[in-house]
Amino acid sequence: MTEAQAIAILCAMLGGEPEHRESYTLHAVSTHVRIDCITDTHAIEIGLDHTRGSYDSLHQATFNAMLTEREPMVILIDTDNIESQYEYQIEAVTRAHGVDYAVWDEHFLIRWQMTAPFRARLARAAGAGS
């Protein structure tokens, strides 16, 4: 699973908007950031558990939360059922700074995506029976 796939699946589960673009101006120059997932309450950064790039998640979540007046959150996608040094450090620092933190299992996300059509069918059937 790629990070982009994880973002799309997880953000749908959380009822958020994936890859939200948020603009801001610095010294009369307009620029923007992309927020992995934005909900009514959180600016969420999503990273894979075994990548050094996930270290940036806390910075991005915090900055994006400031821009959007939401709470920051970091979510790591567990791909191997092993807590790596990256996961350990990211969790320790996010918790030390009071930032919401969660780990989601890659296989759970895949199963959730695969069963989405069945859940939608059940929801339609339940709605038709009302």
# chains A, B, ... in the order shown; residues from 1 in each chain; ligands from 1
>>> residues_around(residues="Met73 in chain A", least_positions_apart="6", cutoff="10 Å", atoms="only C-alpha atoms", output="list of chain:residue names")
A:Cys37, A:Ile38, A:Thr41, A:His42, A:Ala43, A:Ile44, A:Glu45, A:Ile46, A:Ser57, A:Leu58, A:Gln60, A:Ala61, A:Thr62, A:Asn64, A:Ala65, A:Thr94, A:Gly98, A:Val99, A:Asp100, A:Tyr101, A:Ala102
>>> residues_around(residues="range 106-119 of chain A", least_positions_apart="6", cutoff="8 Å", atoms="only C-alpha atoms", output="PyMOL selection string")
chain A and resi 1+6+9-10+77-79
>>> atom_distance(atom1="CA of Leu122 in chain A", atom2="CA of Ala4 in chain A")
27.6 Å
>>> select_by_dssp(residues="range 18-126 of chain A", states="helix (DSSP H, G or I)", output="compact mmCIF listing (two decimals) with N, CA, C and O atoms, in the first residue's frame")
# COMPACT_ATOMS: atom_id res chain seq x y z
N ARG A 52 11.50 7.16 7.06
CA ARG A 52 12.10 8.29 7.76
C ARG A 52 11.30 9.57 7.50
O ARG A 52 11.25 10.46 8.34
N GLY A 53 10.65 9.64 6.35
CA GLY A 53 9.84 10.81 6.02
C GLY A 53 8.70 11.04 6.99
O GLY A 53 8.18 12.15 7.09
N SER A 54 8.32 10.02 7.73
CA SER A 54 7.24 10.17 8.70
C SER A 54 7.63 11.09 9.85
O SER A 54 6.77 11.59 10.57
N TYR A 55 8.93 11.31 10.03
CA TYR A 55 9.37 12.25 11.06
C TYR A 55 8.76 13.63 10.83
O TYR A 55 8.56 14.39 11.76
N ASP A 56 8.49 13.99 9.59
CA ASP A 56 7.93 15.29 9.26
C ASP A 56 6.46 15.41 9.67
O ASP A 56 5.91 16.52 9.68
N SER A 57 5.82 14.31 9.98
CA SER A 57 4.38 14.32 10.24
C SER A 57 3.99 15.25 11.38
O SER A 57 2.98 15.95 11.29
N LEU A 58 4.74 15.27 12.45
CA LEU A 58 4.40 16.12 13.59
C LEU A 58 4.48 17.59 13.19
O LEU A 58 3.57 18.38 13.50
N HIS A 59 5.53 17.96 12.51
CA HIS A 59 5.69 19.34 12.04
C HIS A 59 4.51 19.73 11.14
O HIS A 59 3.87 20.76 11.34
N GLN A 60 4.22 18.88 10.16
CA GLN A 60 3.16 19.19 9.21
C GLN A 60 1.79 19.26 9.90
O GLN A 60 1.01 20.17 9.64
N ALA A 61 1.49 18.30 10.75
CA ALA A 61 0.20 18.30 11.45
C ALA A 61 0.03 19.55 12.30
O ALA A 61 -1.03 20.17 12.31
N THR A 62 1.09 19.94 12.99
CA THR A 62 1.01 21.11 13.86
C THR A 62 0.86 22.39 13.06
O THR A 62 0.01 23.23 13.36
N PHE A 63 1.65 22.56 12.01
CA PHE A 63 1.56 23.76 11.18
C PHE A 63 0.19 23.83 10.51
O PHE A 63 -0.47 24.88 10.51
N ASN A 64 -0.25 22.71 9.95
CA ASN A 64 -1.54 22.69 9.26
C ASN A 64 -2.70 22.96 10.20
O ASN A 64 -3.68 23.60 9.84
N ALA A 65 -2.59 22.47 11.42
CA ALA A 65 -3.63 22.72 12.42
C ALA A 65 -3.69 24.22 12.76
O ALA A 65 -4.78 24.77 12.90
N MET A 66 -2.53 24.85 12.85
CA MET A 66 -2.51 26.29 13.11
C MET A 66 -3.18 27.06 11.97
O MET A 66 -3.94 27.99 12.22
N LEU A 67 -2.92 26.66 10.73
CA LEU A 67 -3.51 27.34 9.57
C LEU A 67 -5.02 27.18 9.53
O LEU A 67 -5.73 28.09 9.08
N THR A 68 -5.52 26.04 9.95
CA THR A 68 -6.94 25.72 9.78
C THR A 68 -7.75 25.82 11.06
O THR A 68 -8.95 25.53 11.05
N GLN A 85 12.04 2.12 15.00
CA GLN A 85 12.56 3.30 15.69
C GLN A 85 11.80 4.54 15.27
O GLN A 85 11.61 5.47 16.05
N TYR A 86 11.32 4.58 14.03
CA TYR A 86 10.55 5.73 13.55
C TYR A 86 9.23 5.83 14.31
O TYR A 86 8.87 6.90 14.82
N GLU A 87 8.51 4.73 14.40
CA GLU A 87 7.23 4.71 15.12
C GLU A 87 7.43 5.11 16.58
O GLU A 87 6.66 5.91 17.12
N TYR A 88 8.43 4.52 17.21
CA TYR A 88 8.68 4.79 18.62
C TYR A 88 8.95 6.27 18.85
O TYR A 88 8.37 6.89 19.74
N GLN A 89 9.82 6.86 18.04
CA GLN A 89 10.18 8.27 18.21
C GLN A 89 9.00 9.19 17.91
O GLN A 89 8.75 10.15 18.64
N ILE A 90 8.26 8.89 16.84
CA ILE A 90 7.13 9.74 16.47
C ILE A 90 6.06 9.70 17.56
O ILE A 90 5.53 10.73 17.97
N GLU A 91 5.75 8.51 18.06
CA GLU A 91 4.76 8.41 19.12
C GLU A 91 5.22 9.16 20.37
O GLU A 91 4.44 9.91 20.99
N ALA A 92 6.47 8.98 20.77
CA ALA A 92 6.97 9.63 21.98
C ALA A 92 6.88 11.15 21.87
O ALA A 92 6.44 11.83 22.81
N VAL A 93 7.27 11.70 20.74
CA VAL A 93 7.28 13.15 20.58
C VAL A 93 5.87 13.71 20.44
O VAL A 93 5.55 14.75 21.03
N THR A 94 4.99 13.03 19.69
CA THR A 94 3.63 13.54 19.57
C THR A 94 2.94 13.55 20.92
O THR A 94 2.29 14.53 21.29
N ARG A 95 3.10 12.49 21.67
CA ARG A 95 2.45 12.43 22.99
C ARG A 95 3.05 13.47 23.95
O ARG A 95 2.33 14.07 24.74
N ALA A 96 4.36 13.69 23.88
CA ALA A 96 5.00 14.69 24.74
C ALA A 96 4.48 16.09 24.46
O ALA A 96 4.45 16.93 25.36
N GLU A 106 -2.43 -1.68 8.23
CA GLU A 106 -2.56 -1.66 6.77
C GLU A 106 -3.57 -2.68 6.27
O GLU A 106 -4.40 -2.38 5.40
N HIS A 107 -3.54 -3.88 6.83
CA HIS A 107 -4.44 -4.94 6.37
C HIS A 107 -5.90 -4.63 6.70
O HIS A 107 -6.80 -4.95 5.94
N PHE A 108 -6.13 -3.97 7.84
CA PHE A 108 -7.48 -3.55 8.18
C PHE A 108 -7.99 -2.55 7.15
O PHE A 108 -9.14 -2.63 6.69
N LEU A 109 -7.14 -1.59 6.77
CA LEU A 109 -7.55 -0.59 5.78
C LEU A 109 -7.87 -1.23 4.43
O LEU A 109 -8.85 -0.86 3.77
N ILE A 110 -7.07 -2.20 4.04
CA ILE A 110 -7.32 -2.91 2.77
C ILE A 110 -8.65 -3.65 2.84
O ILE A 110 -9.47 -3.57 1.91
N ARG A 111 -8.90 -4.35 3.94
CA ARG A 111 -10.17 -5.07 4.09
C ARG A 111 -11.35 -4.11 4.09
O ARG A 111 -12.39 -4.37 3.49
N TRP A 112 -11.19 -2.97 4.75
CA TRP A 112 -12.26 -2.00 4.81
C TRP A 112 -12.59 -1.50 3.40
O TRP A 112 -13.76 -1.39 3.02
N GLN A 113 -11.56 -1.21 2.63
CA GLN A 113 -11.77 -0.75 1.26
C GLN A 113 -12.43 -1.83 0.41
O GLN A 113 -13.34 -1.56 -0.37
N MET A 114 -11.98 -3.06 0.57
CA MET A 114 -12.52 -4.16 -0.23
C MET A 114 -14.00 -4.43 0.09
O MET A 114 -14.75 -4.88 -0.78
N THR A 115 -14.42 -4.17 1.31
CA THR A 115 -15.79 -4.47 1.70
C THR A 115 -16.71 -3.26 1.58
O THR A 115 -17.91 -3.37 1.86
N ALA A 116 -16.20 -2.12 1.15
CA ALA A 116 -17.01 -0.91 1.02
C ALA A 116 -18.25 -1.12 0.14
O ALA A 116 -19.34 -0.66 0.51
N PRO A 117 -18.13 -1.79 -1.01
CA PRO A 117 -19.34 -2.00 -1.82
C PRO A 117 -20.43 -2.80 -1.10
O PRO A 117 -21.62 -2.53 -1.28
N PHE A 118 -20.03 -3.75 -0.28
CA PHE A 118 -21.01 -4.55 0.46
C PHE A 118 -21.70 -3.71 1.53
O PHE A 118 -22.91 -3.82 1.73
N ARG A 119 -20.94 -2.86 2.21
CA ARG A 119 -21.54 -1.98 3.21
C ARG A 119 -22.49 -0.99 2.55
O ARG A 119 -23.57 -0.71 3.07
N ALA A 120 -22.11 -0.47 1.39
CA ALA A 120 -22.98 0.46 0.66
C ALA A 120 -24.27 -0.23 0.23
O ALA A 120 -25.35 0.35 0.33
N ARG A 121 -24.16 -1.46 -0.23
CA ARG A 121 -25.35 -2.22 -0.64
C ARG A 121 -26.27 -2.45 0.56
O ARG A 121 -27.50 -2.31 0.44
N LEU A 122 -25.71 -2.81 1.70
CA LEU A 122 -26.52 -3.01 2.90
C LEU A 122 -27.21 -1.71 3.31
O LEU A 122 -28.37 -1.71 3.72
N ALA A 123 -26.48 -0.60 3.20
CA ALA A 123 -27.06 0.70 3.57
C ALA A 123 -28.22 1.06 2.64
O ALA A 123 -29.26 1.55 3.09
N ARG A 124 -28.05 0.79 1.35
CA ARG A 124 -29.14 1.06 0.39
C ARG A 124 -30.35 0.18 0.68
O ARG A 124 -31.48 0.65 0.64
N ALA A 125 -30.08 -1.08 0.98
CA ALA A 125 -31.17 -2.01 1.28
C ALA A 125 -31.90 -1.58 2.55
O ALA A 125 -33.14 -1.64 2.62
N ALA A 126 -31.17 -1.14 3.54
CA ALA A 126 -31.78 -0.69 4.78
C ALA A 126 -32.61 0.57 4.54
O ALA A 126 -33.69 0.73 5.12
>>> residues_around(residues="Arg21 in chain A", least_positions_apart="5", cutoff="9 Å", atoms="only C-alpha atoms", output="PDB file with C-alpha atoms, in the first residue's frame")
ATOM      1  CA  HIS A  32       0.035  26.495   0.014  1.00  0.00           C
ATOM      2  CA  VAL A  33       0.299  23.218   1.876  1.00  0.00           C
ATOM      3  CA  ARG A  34      -1.470  19.928   1.220  1.00  0.00           C
ATOM      4  CA  ILE A  35      -3.072  18.408   4.279  1.00  0.00           C
TER       5      ILE A  35
END
>>> select_by_dssp(residues="range 13-74 of chain A", states="strand (DSSP E or B)", output="PyMOL selection string")
chain A and resi 17-26+29-38+42-48+71-74
>>> write_last_selection(atoms="C-alpha atoms", output="PDB file, in the first residue's frame")
ATOM      1  CA  GLU A  17     -11.387  15.535   2.816  1.00  0.00           C
ATOM      2  CA  PRO A  18      -8.188  13.945   1.473  1.00  0.00           C
ATOM      3  CA  GLU A  19      -5.314  16.017   0.085  1.00  0.00           C
ATOM      4  CA  HIS A  20      -6.895  19.315   1.170  1.00  0.00           C
ATOM      5  CA  ARG A  21      -5.092  22.364  -0.221  1.00  0.00           C
ATOM      6  CA  GLU A  22      -4.715  25.242   2.227  1.00  0.00           C
ATOM      7  CA  SER A  23      -3.292  28.546   0.972  1.00  0.00           C
ATOM      8  CA  TYR A  24      -1.449  31.175   2.973  1.00  0.00           C
ATOM      9  CA  THR A  25       0.619  34.270   2.246  1.00  0.00           C
ATOM     10  CA  LEU A  26       4.154  34.943   3.395  1.00  0.00           C
ATOM     11  CA  VAL A  29       3.862  35.637  -1.791  1.00  0.00           C
ATOM     12  CA  SER A  30       0.972  33.202  -1.940  1.00  0.00           C
ATOM     13  CA  THR A  31       1.821  29.577  -1.278  1.00  0.00           C
ATOM     14  CA  HIS A  32       0.035  26.495   0.014  1.00  0.00           C
ATOM     15  CA  VAL A  33       0.299  23.218   1.876  1.00  0.00           C
ATOM     16  CA  ARG A  34      -1.470  19.928   1.220  1.00  0.00           C
ATOM     17  CA  ILE A  35      -3.072  18.408   4.279  1.00  0.00           C
ATOM     18  CA  ASP A  36      -3.319  14.617   4.057  1.00  0.00           C
ATOM     19  CA  CYS A  37      -6.792  14.600   5.624  1.00  0.00           C
ATOM     20  CA  ILE A  38      -8.865  17.389   7.081  1.00  0.00           C
ATOM     21  CA  HIS A  42      -8.473  17.752  12.930  1.00  0.00           C
ATOM     22  CA  ALA A  43      -5.678  18.437  10.467  1.00  0.00           C
ATOM     23  CA  ILE A  44      -4.254  14.945  10.024  1.00  0.00           C
ATOM     24  CA  GLU A  45      -0.907  13.841   8.662  1.00  0.00           C
ATOM     25  CA  ILE A  46      -0.640  10.208   7.644  1.00  0.00           C
ATOM     26  CA  GLY A  47       2.646   8.354   7.265  1.00  0.00           C
ATOM     27  CA  LEU A  48       3.924   4.856   6.739  1.00  0.00           C
ATOM     28  CA  GLU A  71      -6.380  20.075  16.318  1.00  0.00           C
ATOM     29  CA  PRO A  72      -3.264  18.352  14.946  1.00  0.00           C
ATOM     30  CA  MET A  73      -3.185  14.579  14.576  1.00  0.00           C
ATOM     31  CA  VAL A  74      -0.571  12.115  13.348  1.00  0.00           C
TER      32      VAL A  74
END
>>> decode(residues="range 14-42 of chain A", atoms="N, CA, C and O atoms", output="CSV table (one decimal), in the first residue's frame")
chain,number,residue,atom,x,y,z
A,14,LEU,N,-12.8,8.4,8.1
A,14,LEU,CA,-12.9,9.4,9.1
A,14,LEU,C,-13.9,10.5,8.7
A,14,LEU,O,-14.1,11.5,9.4
A,15,GLY,N,-14.4,10.4,7.5
A,15,GLY,CA,-15.3,11.4,7.0
A,15,GLY,C,-14.7,12.8,6.6
A,15,GLY,O,-15.3,13.8,6.7
A,16,GLY,N,-13.4,12.7,6.3
A,16,GLY,CA,-12.7,13.9,6.0
A,16,GLY,C,-12.5,14.2,4.5
A,16,GLY,O,-13.0,13.4,3.6
A,17,GLU,N,-11.8,15.2,4.2
A,17,GLU,CA,-11.4,15.5,2.8
A,17,GLU,C,-9.9,15.2,2.6
A,17,GLU,O,-9.0,15.8,3.3
A,18,PRO,N,-9.6,14.3,1.7
A,18,PRO,CA,-8.2,13.9,1.5
A,18,PRO,C,-7.5,15.0,0.6
A,18,PRO,O,-8.1,15.7,-0.2
A,19,GLU,N,-6.2,15.1,0.9
A,19,GLU,CA,-5.3,16.0,0.1
A,19,GLU,C,-5.9,17.4,0.0
A,19,GLU,O,-5.9,18.0,-1.1
A,20,HIS,N,-6.3,18.0,1.1
A,20,HIS,CA,-6.9,19.3,1.2
A,20,HIS,C,-5.8,20.3,0.9
A,20,HIS,O,-4.7,20.3,1.6
A,21,ARG,N,-6.1,21.3,0.1
A,21,ARG,CA,-5.1,22.4,-0.2
A,21,ARG,C,-5.5,23.6,0.6
A,21,ARG,O,-6.6,24.1,0.6
A,22,GLU,N,-4.5,24.1,1.4
A,22,GLU,CA,-4.7,25.2,2.2
A,22,GLU,C,-3.7,26.3,1.8
A,22,GLU,O,-2.5,26.1,1.9
A,23,SER,N,-4.2,27.5,1.4
A,23,SER,CA,-3.3,28.5,1.0
A,23,SER,C,-3.0,29.5,2.1
A,23,SER,O,-3.8,29.6,3.1
A,24,TYR,N,-1.8,30.1,2.0
A,24,TYR,CA,-1.4,31.2,3.0
A,24,TYR,C,-0.5,32.1,2.3
A,24,TYR,O,0.1,31.8,1.2
A,25,THR,N,-0.3,33.3,2.9
A,25,THR,CA,0.6,34.3,2.2
A,25,THR,C,1.8,34.6,3.2
A,25,THR,O,1.6,34.7,4.4
A,26,LEU,N,2.9,34.6,2.6
A,26,LEU,CA,4.2,34.9,3.4
A,26,LEU,C,4.9,36.0,2.6
A,26,LEU,O,5.3,35.7,1.5
A,27,HIS,N,5.2,37.1,3.2
A,27,HIS,CA,5.9,38.2,2.5
A,27,HIS,C,5.3,38.5,1.2
A,27,HIS,O,6.0,38.6,0.2
A,28,ALA,N,4.0,38.7,1.1
A,28,ALA,CA,3.3,39.0,-0.1
A,28,ALA,C,3.4,37.9,-1.2
A,28,ALA,O,3.0,38.2,-2.4
A,29,VAL,N,3.8,36.7,-0.8
A,29,VAL,CA,3.9,35.6,-1.8
A,29,VAL,C,2.9,34.6,-1.3
A,29,VAL,O,2.9,34.1,-0.2
A,30,SER,N,2.0,34.2,-2.3
A,30,SER,CA,1.0,33.2,-1.9
A,30,SER,C,1.6,31.8,-2.1
A,30,SER,O,2.2,31.6,-3.1
A,31,THR,N,1.3,31.0,-1.2
A,31,THR,CA,1.8,29.6,-1.3
A,31,THR,C,0.8,28.7,-0.7
A,31,THR,O,-0.3,29.2,-0.3
A,32,HIS,N,1.0,27.4,-0.6
A,32,HIS,CA,0.0,26.5,0.0
A,32,HIS,C,0.7,25.3,0.6
A,32,HIS,O,1.9,25.0,0.3
A,33,VAL,N,-0.1,24.5,1.4
A,33,VAL,CA,0.3,23.2,1.9
A,33,VAL,C,-0.8,22.2,1.5
A,33,VAL,O,-1.9,22.7,1.2
A,34,ARG,N,-0.5,21.0,1.4
A,34,ARG,CA,-1.5,19.9,1.2
A,34,ARG,C,-1.6,19.2,2.5
A,34,ARG,O,-0.6,18.6,3.0
A,35,ILE,N,-2.8,19.1,3.0
A,35,ILE,CA,-3.1,18.4,4.3
A,35,ILE,C,-3.6,17.0,3.9
A,35,ILE,O,-4.5,16.9,3.1
A,36,ASP,N,-2.9,16.0,4.4
A,36,ASP,CA,-3.3,14.6,4.1
A,36,ASP,C,-4.8,14.4,4.2
A,36,ASP,O,-5.5,13.8,3.3
A,37,CYS,N,-5.4,14.8,5.4
A,37,CYS,CA,-6.8,14.6,5.6
A,37,CYS,C,-7.2,15.7,6.6
A,37,CYS,O,-6.6,15.9,7.6
A,38,ILE,N,-8.3,16.4,6.2
A,38,ILE,CA,-8.9,17.4,7.1
A,38,ILE,C,-10.3,17.0,7.4
A,38,ILE,O,-11.1,16.6,6.6
A,39,THR,N,-10.6,17.1,8.7
A,39,THR,CA,-12.0,16.8,9.2
A,39,THR,C,-12.5,18.1,9.8
A,39,THR,O,-11.8,19.1,9.9
A,40,ASP,N,-13.7,18.0,10.4
A,40,ASP,CA,-14.2,19.2,11.1
A,40,ASP,C,-13.4,19.6,12.3
A,40,ASP,O,-13.4,20.7,12.7
A,41,THR,N,-12.7,18.6,12.8
A,41,THR,CA,-11.9,18.9,14.1
A,41,THR,C,-10.4,18.8,14.0
A,41,THR,O,-9.7,19.3,14.8
A,42,HIS,N,-9.9,18.0,13.0
A,42,HIS,CA,-8.5,17.8,12.9
A,42,HIS,C,-7.8,18.0,11.6
A,42,HIS,O,-8.5,17.8,10.5
